[in-house]
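The data block below is final-v7.tsv; it holds TSV, C-alpha atoms.
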```
chain	number	residue	atom	x	y	z
A	106	MET	CA	14.39	17.23	6.49
A	107	ASP	CA	16.03	15.95	9.69
A	108	TYR	CA	14.86	13.01	11.79
A	109	TYR	CA	12.83	15.17	14.18
A	110	VAL	CA	10.79	16.75	11.40
A	111	PHE	CA	10.48	13.28	9.89
A	112	ALA	CA	8.92	11.91	13.09
A	113	GLU	CA	6.51	14.83	13.36
A	114	THR	CA	5.43	14.39	9.73
A	115	VAL	CA	4.79	10.67	10.24
A	116	GLU	CA	2.59	11.48	13.24
A	117	ARG	CA	0.65	13.99	11.16
A	118	ILE	CA	0.06	11.38	8.44
A	119	VAL	CA	-1.15	8.83	11.01
A	120	ASP	CA	-3.42	11.43	12.63
A	121	ASN	CA	-4.83	12.36	9.24
A	122	VAL	CA	-5.63	8.78	8.27
A	123	GLU	CA	-7.17	8.15	11.69
A	124	ARG	CA	-9.72	10.86	10.96
A	125	ALA	CA	-11.24	8.47	8.41
A	126	VAL	CA	-10.32	5.15	10.06
A	127	ALA	CA	-11.24	5.68	13.70
A	128	GLY	CA	-9.76	3.51	16.44
A	129	LYS	CA	-7.13	1.79	14.26
A	130	ARG	CA	-4.02	3.79	15.14
A	131	GLU	CA	-1.73	0.79	15.53
A	132	GLY	CA	-2.72	-0.65	12.16
A	133	ILE	CA	-2.41	2.77	10.52
A	134	SER	CA	1.08	3.22	11.96
A	135	LEU	CA	2.13	-0.18	10.61
A	136	ALA	CA	0.79	0.65	7.14
A	137	VAL	CA	2.53	4.05	7.06
A	138	THR	CA	5.79	2.48	8.28
A	139	ALA	CA	5.63	-0.21	5.59
A	140	LEU	CA	5.01	2.34	2.84
A	141	LEU	CA	7.90	4.48	4.10
A	142	ALA	CA	10.17	1.43	4.10
A	143	GLY	CA	9.22	0.55	0.52
A	144	GLY	CA	7.20	-2.47	1.61
A	145	HIS	CA	3.68	-3.79	1.19
A	146	VAL	CA	0.90	-4.74	3.60
A	147	LEU	CA	-1.34	-7.81	3.76
A	148	ILE	CA	-4.51	-7.34	5.83
A	149	GLU	CA	-6.20	-10.61	6.77
A	150	ASP	CA	-9.54	-9.71	8.28
A	151	VAL	CA	-13.29	-9.95	7.85
A	152	PRO	CA	-15.22	-7.47	5.68
A	153	GLY	CA	-16.30	-4.14	7.09
A	154	VAL	CA	-13.35	-3.24	9.33
A	155	GLY	CA	-12.01	-0.34	7.24
A	156	LYS	CA	-9.46	-1.93	4.92
A	157	THR	CA	-10.53	0.09	1.88
A	158	LEU	CA	-10.80	3.28	3.92
A	159	LEU	CA	-7.27	2.76	5.18
A	160	ALA	CA	-5.84	2.43	1.68
A	161	LYS	CA	-7.81	5.39	0.30
A	162	SER	CA	-7.01	7.75	3.16
A	163	LEU	CA	-3.34	6.78	3.12
A	164	ALA	CA	-3.09	7.60	-0.58
A	165	ARG	CA	-4.88	10.89	-0.05
A	166	SER	CA	-2.62	11.82	2.87
A	167	VAL	CA	0.47	11.68	0.65
A	168	ALA	CA	-1.28	13.25	-2.38
A	169	GLY	CA	-0.96	9.97	-4.27
A	170	ASP	CA	-3.05	8.11	-6.83
A	171	PHE	CA	-5.24	5.27	-5.55
A	172	ARG	CA	-6.49	2.27	-7.49
A	173	ARG	CA	-8.60	-0.66	-6.31
A	174	ILE	CA	-8.44	-4.06	-7.99
A	175	GLN	CA	-11.18	-6.54	-7.13
A	176	PHE	CA	-9.55	-9.95	-7.46
A	177	THR	CA	-11.87	-12.62	-8.87
A	178	PRO	CA	-11.28	-16.08	-10.39
A	179	ASP	CA	-11.70	-14.72	-13.95
A	180	LEU	CA	-9.26	-11.83	-13.50
A	181	LEU	CA	-6.34	-11.96	-15.98
A	182	PRO	CA	-2.75	-10.72	-15.50
A	183	ALA	CA	-3.30	-8.08	-18.21
A	184	ASP	CA	-6.20	-6.70	-16.15
A	185	ILE	CA	-3.59	-5.74	-13.55
A	186	THR	CA	-0.48	-4.78	-15.49
A	187	GLY	CA	-2.07	-3.41	-18.68
A	188	THR	CA	-1.74	-4.48	-22.28
A	189	ASN	CA	-0.72	-3.32	-25.74
A	190	VAL	CA	-3.66	-2.33	-27.93
A	191	TYR	CA	-3.48	-1.83	-31.70
A	192	ASN	CA	-4.31	1.72	-32.77
A	193	GLN	CA	-5.71	1.61	-36.30
A	194	GLY	CA	-5.25	5.34	-36.75
A	195	ASP	CA	-1.52	5.26	-36.05
A	196	GLY	CA	-1.00	1.75	-37.37
A	197	ALA	CA	0.93	0.81	-34.23
A	198	PHE	CA	0.44	-0.72	-30.80
A	199	GLU	CA	0.09	1.54	-27.79
A	200	PHE	CA	0.32	0.58	-24.14
A	201	TRP	CA	-2.76	0.93	-21.97
A	202	ALA	CA	-1.57	1.00	-18.37
A	203	GLY	CA	-3.35	-1.21	-15.86
A	204	PRO	CA	-4.52	-0.21	-12.38
A	205	VAL	CA	-1.18	-1.25	-10.87
A	206	PHE	CA	0.22	2.07	-12.14
A	207	ALA	CA	-0.69	4.01	-8.98
A	208	ASN	CA	0.96	5.04	-5.74
A	209	VAL	CA	-1.30	2.97	-3.48
A	210	VAL	CA	-2.96	-0.14	-4.94
A	211	LEU	CA	-5.63	-2.03	-3.02
A	212	ALA	CA	-5.56	-5.69	-4.04
A	213	ASP	CA	-8.95	-6.62	-2.61
A	214	GLU	CA	-9.50	-10.32	-1.79
A	215	ILE	CA	-6.20	-11.12	-3.44
A	216	ASN	CA	-6.55	-14.84	-2.75
A	217	ARG	CA	-9.64	-15.13	-4.99
A	218	ALA	CA	-7.60	-14.78	-8.18
A	219	SER	CA	-5.72	-17.68	-9.76
A	220	PRO	CA	-2.00	-18.13	-9.04
A	221	LYS	CA	-1.26	-17.02	-12.62
A	222	THR	CA	-3.00	-13.70	-11.99
A	223	GLN	CA	-1.47	-13.31	-8.53
A	224	SER	CA	1.98	-13.68	-10.10
A	225	ALA	CA	1.37	-10.48	-12.10
A	226	LEU	CA	2.09	-8.58	-8.88
A	227	LEU	CA	5.41	-10.29	-8.12
A	228	GLU	CA	7.61	-8.08	-10.31
A	229	ALA	CA	5.67	-4.97	-9.38
A	230	MET	CA	6.05	-5.58	-5.65
A	231	GLU	CA	9.70	-6.57	-5.79
A	232	GLU	CA	11.16	-4.43	-8.55
A	233	GLY	CA	8.70	-1.54	-8.77
A	234	SER	CA	8.24	-2.21	-12.47
A	235	VAL	CA	6.03	-4.08	-14.94
A	236	THR	CA	7.16	-5.96	-18.04
A	237	VAL	CA	4.65	-6.38	-20.88
A	238	ASP	CA	5.66	-7.90	-24.23
A	239	GLY	CA	9.33	-7.58	-23.33
A	240	VAL	CA	9.17	-3.88	-22.44
A	241	THR	CA	9.80	-2.91	-18.80
A	242	ARG	CA	8.06	0.16	-17.42
A	243	ARG	CA	8.73	1.74	-14.05
A	244	LEU	CA	5.84	2.19	-11.64
A	245	PRO	CA	5.24	5.57	-10.01
A	246	GLU	CA	7.13	6.35	-6.83
A	247	PRO	CA	6.17	5.80	-4.10
A	248	PHE	CA	4.44	2.51	-4.85
A	249	GLY	CA	2.77	0.28	-2.31
A	250	VAL	CA	0.31	-2.62	-2.37
A	251	ILE	CA	-2.27	-3.22	0.35
A	252	GLY	CA	-3.61	-6.72	-0.13
A	253	THR	CA	-6.66	-8.08	1.69
A	254	GLN	CA	-8.05	-11.53	2.25
A	255	ASN	CA	-10.90	-12.97	4.28
A	256	PRO	CA	-9.58	-15.44	6.91
A	257	VAL	CA	-12.99	-17.08	7.37
A	258	GLU	CA	-14.37	-17.75	3.90
A	259	HIS	CA	-12.01	-20.05	2.00
A	260	GLU	CA	-14.39	-21.43	-0.64
A	261	GLY	CA	-13.17	-20.53	-4.13
A	262	THR	CA	-9.84	-19.11	-2.95
A	263	TYR	CA	-6.22	-19.81	-3.87
A	264	PRO	CA	-3.77	-19.69	-0.93
A	265	LEU	CA	-0.94	-17.23	-1.49
A	266	PRO	CA	2.35	-19.02	-2.29
A	267	HIS	CA	5.38	-18.34	-0.11
A	268	ALA	CA	7.04	-16.40	-2.94
A	269	GLU	CA	4.17	-13.93	-2.86
A	270	LEU	CA	3.82	-13.81	0.92
A	271	ASP	CA	7.49	-12.92	1.03
A	272	ARG	CA	6.73	-9.72	-0.91
A	273	PHE	CA	4.64	-8.38	1.98
A	274	MET	CA	6.55	-6.62	4.72
A	275	VAL	CA	3.63	-6.59	7.18
A	276	LYS	CA	0.73	-8.97	7.77
A	277	MET	CA	-1.88	-7.71	10.17
A	278	ALA	CA	-5.54	-7.60	11.16
A	279	LEU	CA	-7.56	-4.46	11.90
A	280	ASP	CA	-10.26	-6.13	14.03
A	281	TYR	CA	-13.60	-4.60	14.92
A	282	PRO	CA	-13.52	-1.20	16.64
A	283	ASP	CA	-14.17	-0.86	20.36
A	284	GLU	CA	-17.25	0.90	21.74
A	285	GLU	CA	-15.64	4.33	21.82
A	286	ALA	CA	-14.41	4.01	18.23
A	287	GLU	CA	-17.87	2.88	17.09
A	288	VAL	CA	-19.36	6.08	18.52
A	289	ASP	CA	-16.73	8.07	16.61
A	290	LEU	CA	-17.64	6.20	13.42
A	291	LEU	CA	-21.25	7.31	13.74
A	292	LYS	CA	-20.06	10.91	13.67
A	293	LEU	CA	-18.28	10.48	10.34
A	294	SER	CA	-19.84	11.50	7.05
A	295	ALA	CA	-20.84	9.06	4.33
A	296	ASP	CA	-17.45	9.61	2.65
A	297	PRO	CA	-14.90	10.46	5.36
A	298	VAL	CA	-11.98	10.25	2.91
A	299	ALA	CA	-13.35	13.23	0.97
A	300	GLU	CA	-13.02	15.38	4.08
A	301	ILE	CA	-9.29	14.85	4.59
A	302	GLY	CA	-6.56	16.50	2.56
A	303	PRO	CA	-2.93	15.68	1.86
A	304	VAL	CA	-0.37	16.13	4.64
A	305	VAL	CA	2.69	15.90	2.40
A	306	GLY	CA	3.29	15.95	-1.34
A	307	LEU	CA	4.56	12.95	-3.25
A	308	ALA	CA	8.02	14.48	-3.73
A	309	GLU	CA	8.39	15.10	0.00
A	310	PHE	CA	7.18	11.60	0.85
A	311	VAL	CA	9.78	10.14	-1.54
A	312	ARG	CA	12.46	12.15	0.30
A	313	MET	CA	11.16	10.69	3.55
A	314	ARG	CA	11.59	7.20	2.10
A	315	ARG	CA	15.19	8.03	1.24
A	316	LEU	CA	15.73	9.22	4.78
A	317	ALA	CA	14.20	6.01	6.16
A	318	GLU	CA	16.75	4.01	4.13
A	319	GLU	CA	19.51	5.72	6.12
A	320	VAL	CA	18.31	4.32	9.46
A	321	TYR	CA	20.98	2.03	10.86
A	322	ALA	CA	20.35	-0.95	13.14
A	323	SER	CA	23.07	-3.23	14.48
A	324	LEU	CA	22.46	-6.96	14.80
A	325	LEU	CA	25.96	-7.72	16.11
A	326	HIS	CA	24.74	-7.91	19.70
A	327	PRO	CA	21.26	-9.45	20.12
A	328	GLY	CA	19.11	-7.40	22.44
A	329	ARG	CA	21.33	-4.37	22.10
A	330	CYS	CA	20.77	-1.44	19.76
A	331	GLU	CA	23.13	1.39	18.98
A	332	GLY	CA	22.03	4.94	19.76
A	333	PRO	CA	20.69	7.21	17.05
A	334	ARG	CA	23.13	8.71	14.62
A	335	PRO	CA	23.42	12.49	14.39
A	336	ALA	CA	20.57	14.19	12.57
A	337	ARG	CA	21.19	14.73	8.89
A	338	THR	CA	19.42	16.48	6.10
A	339	VAL	CA	18.17	14.92	2.88
A	340	SER	CA	17.93	17.28	-0.07
```
Would it be possible to restate this file's structure as structure tokens?
Amino acid sequence: MDYYVFAETVERIVDNVERAVAGKREGISLAVTALLAGGHVLIEDVPGVGKTLLAKSLARSVAGDFRRIQFTPDLLPADITGTNVYNQGDGAFEFWAGPVFANVVLADEINRASPKTQSALLEAMEEGSVTVDGVTRRLPEPFGVIGTQNPVEHEGTYPLPHAELDRFMVKMALDYPDEEAEVDLLKLSADPVAEIGPVVGLAEFVRMRRLAEEVYASLLHPGRCEGPRPARTVS
């Protein structure tokens, strides 16, 4: 895949997600860019603006697994990462994977969980792995977290520490749709995500991430950027 095909594929993914999340093209583009760059997204906005739809449709567009974690004050770290459970039949412990083992994970109202529980995501977001009882397990690739928090209602919340905020590549708001987008929303079915299919497979999306890692930007001269390098192919 060269850079021109790469750009066309990204546009197709954004167009596909926009079929379910009408009028949010800029936010969709930021989320797709972050996932391609191996980063994570924090959406700080009020309920009902399409945060869950964005995460679901993005996962579906790349043929990935989607998991939603509702963060609450009583949520435990093991509820996110998974835990070892004793199997009486085998006489041994077996690992039950938590919801973090997915390609796109929606951490809904992430600031409602305690700092101890929030810290369960730190290794996953930075290293792409989870360590339980001394055993490290790799998360599926690609892996991305879309965290949400309500900027208005702060009662019973725990502000995200800087160490966790640093794990997010993008922080954004979706905002309410304009009048034209609201009309488009009325035309959607009850489950718009079910009507869209994948644009690329997981293996191809992983190759796109490898290609994105090859993008070169020079910071030697502020305000000046080198021209694009010759197109190359990633096998």
Please indicate the distance in Å from CA of Val126 (chain A) to CA of Gln254 (chain A), rounded to one decimal place. 18.6 Å
Name the residues in contact with Met277 (chain A) at a cut-off of 8 Å, using only C-alpha atoms, excluding same-chain residues fewer than 6 positions from it; report them as an MDAnalysis selection string. chainID A and resid 132 146:149
Hey, what's within 10 Å of Tyr281 (chain A) if we count only C-alpha atoms and toss same-chain stuff fewer than 6 positions away? As a ChimeraX atom specification, please? /A:128-129,150-155,287
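With CA of Gln223 (chain A) on one side and CA of Met274 (chain A) on the other, the separation reads 16.9 Å.
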Name all residues at most 8 Å from Arg272 (chain A) (count only C-alpha atoms; drop same-chain ones fewer than 2 positions away) and give them as a list in words. Gly144, His145, Leu227, Met230, Glu231, Ala268, Glu269, Leu270 and Met274 of chain A
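With distances restricted to all atoms listed in the file, A:Glu246 is the closest residue to Ser234 (chain A) from A:Glu246, A:Asp195, A:Glu285, A:Glu123.
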Residue among A:Gly249, A:Phe198, A:Asp238, A:Ala308 lying closest to Phe171 (chain A), counting only C-alpha atoms: A:Gly249
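You will find CA of Glu260 (chain A) at 29.4 Å from CA of Asp283 (chain A).
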Could you work out an axis-aligned box for region 190-202 of chain A, taking every atom the file lists and adding 6 Å on each side, and report centre and edge lengths in Å to one decimal, as lines of an AutoDock Vina configuration file?
```
center_x = -2.4
center_y = 1.5
center_z = -27.9
size_x = 18.6
size_y = 19.7
size_z = 31.0
```
Excluding Leu181 (chain A) and residues on its chain fewer than 3 positions from it, collect all residues at most 10 Å away from it, counting all atoms listed in the file, and give them as an NGL selection string. :A and (176-178 or 184-187 or 218-219 or 221-223 or 225)
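Proximity of A:Ala142, A:Leu180, A:Glu319, A:Lys292 to Ile215 (chain A), computed with only C-alpha atoms, is greatest for A:Leu180.
Of the residues under consideration (A:Val304, A:Pro204, A:Thr236, A:Val210), A:Val304 shows the shortest atom-to-atom contact distance to Asn121 (chain A) when counting all atoms listed in the file.
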Nearest to Asn216 (chain A): which of A:Pro264, A:Pro245, A:Pro282, A:Gly196 is it, counting all atoms listed in the file? A:Pro264
Counting only C-alpha atoms, find residues at most 12 Å from (11.2, 14.4, 4.5) (file frame) and give them as a ChimeraX atom specification. /A:106-115,141,167,304-318,337-340
Store the residues picked out above in a file with C-alpha atoms, as an mmCIF file, keeping the file's coordinate frame.
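Final file, part15.cif:
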```
data_model
loop_
_atom_site.group_PDB
_atom_site.id
_atom_site.type_symbol
_atom_site.label_atom_id
_atom_site.label_comp_id
_atom_site.auth_asym_id
_atom_site.auth_seq_id
_atom_site.Cartn_x
_atom_site.Cartn_y
_atom_site.Cartn_z
ATOM 1 C CA MET A 106 14.390 17.230 6.490
ATOM 2 C CA ASP A 107 16.030 15.950 9.690
ATOM 3 C CA TYR A 108 14.860 13.010 11.790
ATOM 4 C CA TYR A 109 12.830 15.170 14.180
ATOM 5 C CA VAL A 110 10.790 16.750 11.400
ATOM 6 C CA PHE A 111 10.480 13.280 9.890
ATOM 7 C CA ALA A 112 8.920 11.910 13.090
ATOM 8 C CA GLU A 113 6.510 14.830 13.360
ATOM 9 C CA THR A 114 5.430 14.390 9.730
ATOM 10 C CA VAL A 115 4.790 10.670 10.240
ATOM 11 C CA LEU A 141 7.900 4.480 4.100
ATOM 12 C CA VAL A 167 0.470 11.680 0.650
ATOM 13 C CA VAL A 304 -0.370 16.130 4.640
ATOM 14 C CA VAL A 305 2.690 15.900 2.400
ATOM 15 C CA GLY A 306 3.290 15.950 -1.340
ATOM 16 C CA LEU A 307 4.560 12.950 -3.250
ATOM 17 C CA ALA A 308 8.020 14.480 -3.730
ATOM 18 C CA GLU A 309 8.390 15.100 0.000
ATOM 19 C CA PHE A 310 7.180 11.600 0.850
ATOM 20 C CA VAL A 311 9.780 10.140 -1.540
ATOM 21 C CA ARG A 312 12.460 12.150 0.300
ATOM 22 C CA MET A 313 11.160 10.690 3.550
ATOM 23 C CA ARG A 314 11.590 7.200 2.100
ATOM 24 C CA ARG A 315 15.190 8.030 1.240
ATOM 25 C CA LEU A 316 15.730 9.220 4.780
ATOM 26 C CA ALA A 317 14.200 6.010 6.160
ATOM 27 C CA GLU A 318 16.750 4.010 4.130
ATOM 28 C CA ARG A 337 21.190 14.730 8.890
ATOM 29 C CA THR A 338 19.420 16.480 6.100
ATOM 30 C CA VAL A 339 18.170 14.920 2.880
ATOM 31 C CA SER A 340 17.930 17.280 -0.070
#
```
I'd like the contact shell of Ile174 (chain A) - 7 Å cut-off, all atoms listed in the file, skipping same-chain residues fewer than 2 positions apart - returned as a list in words. Arg172, Phe176, Leu211, Ala212 and Asp213 of chain A
Proximity to Val257 (chain A) - best of A:Pro182, A:Arg173, A:Glu300, A:Glu214, all atoms listed in the file: A:Glu214
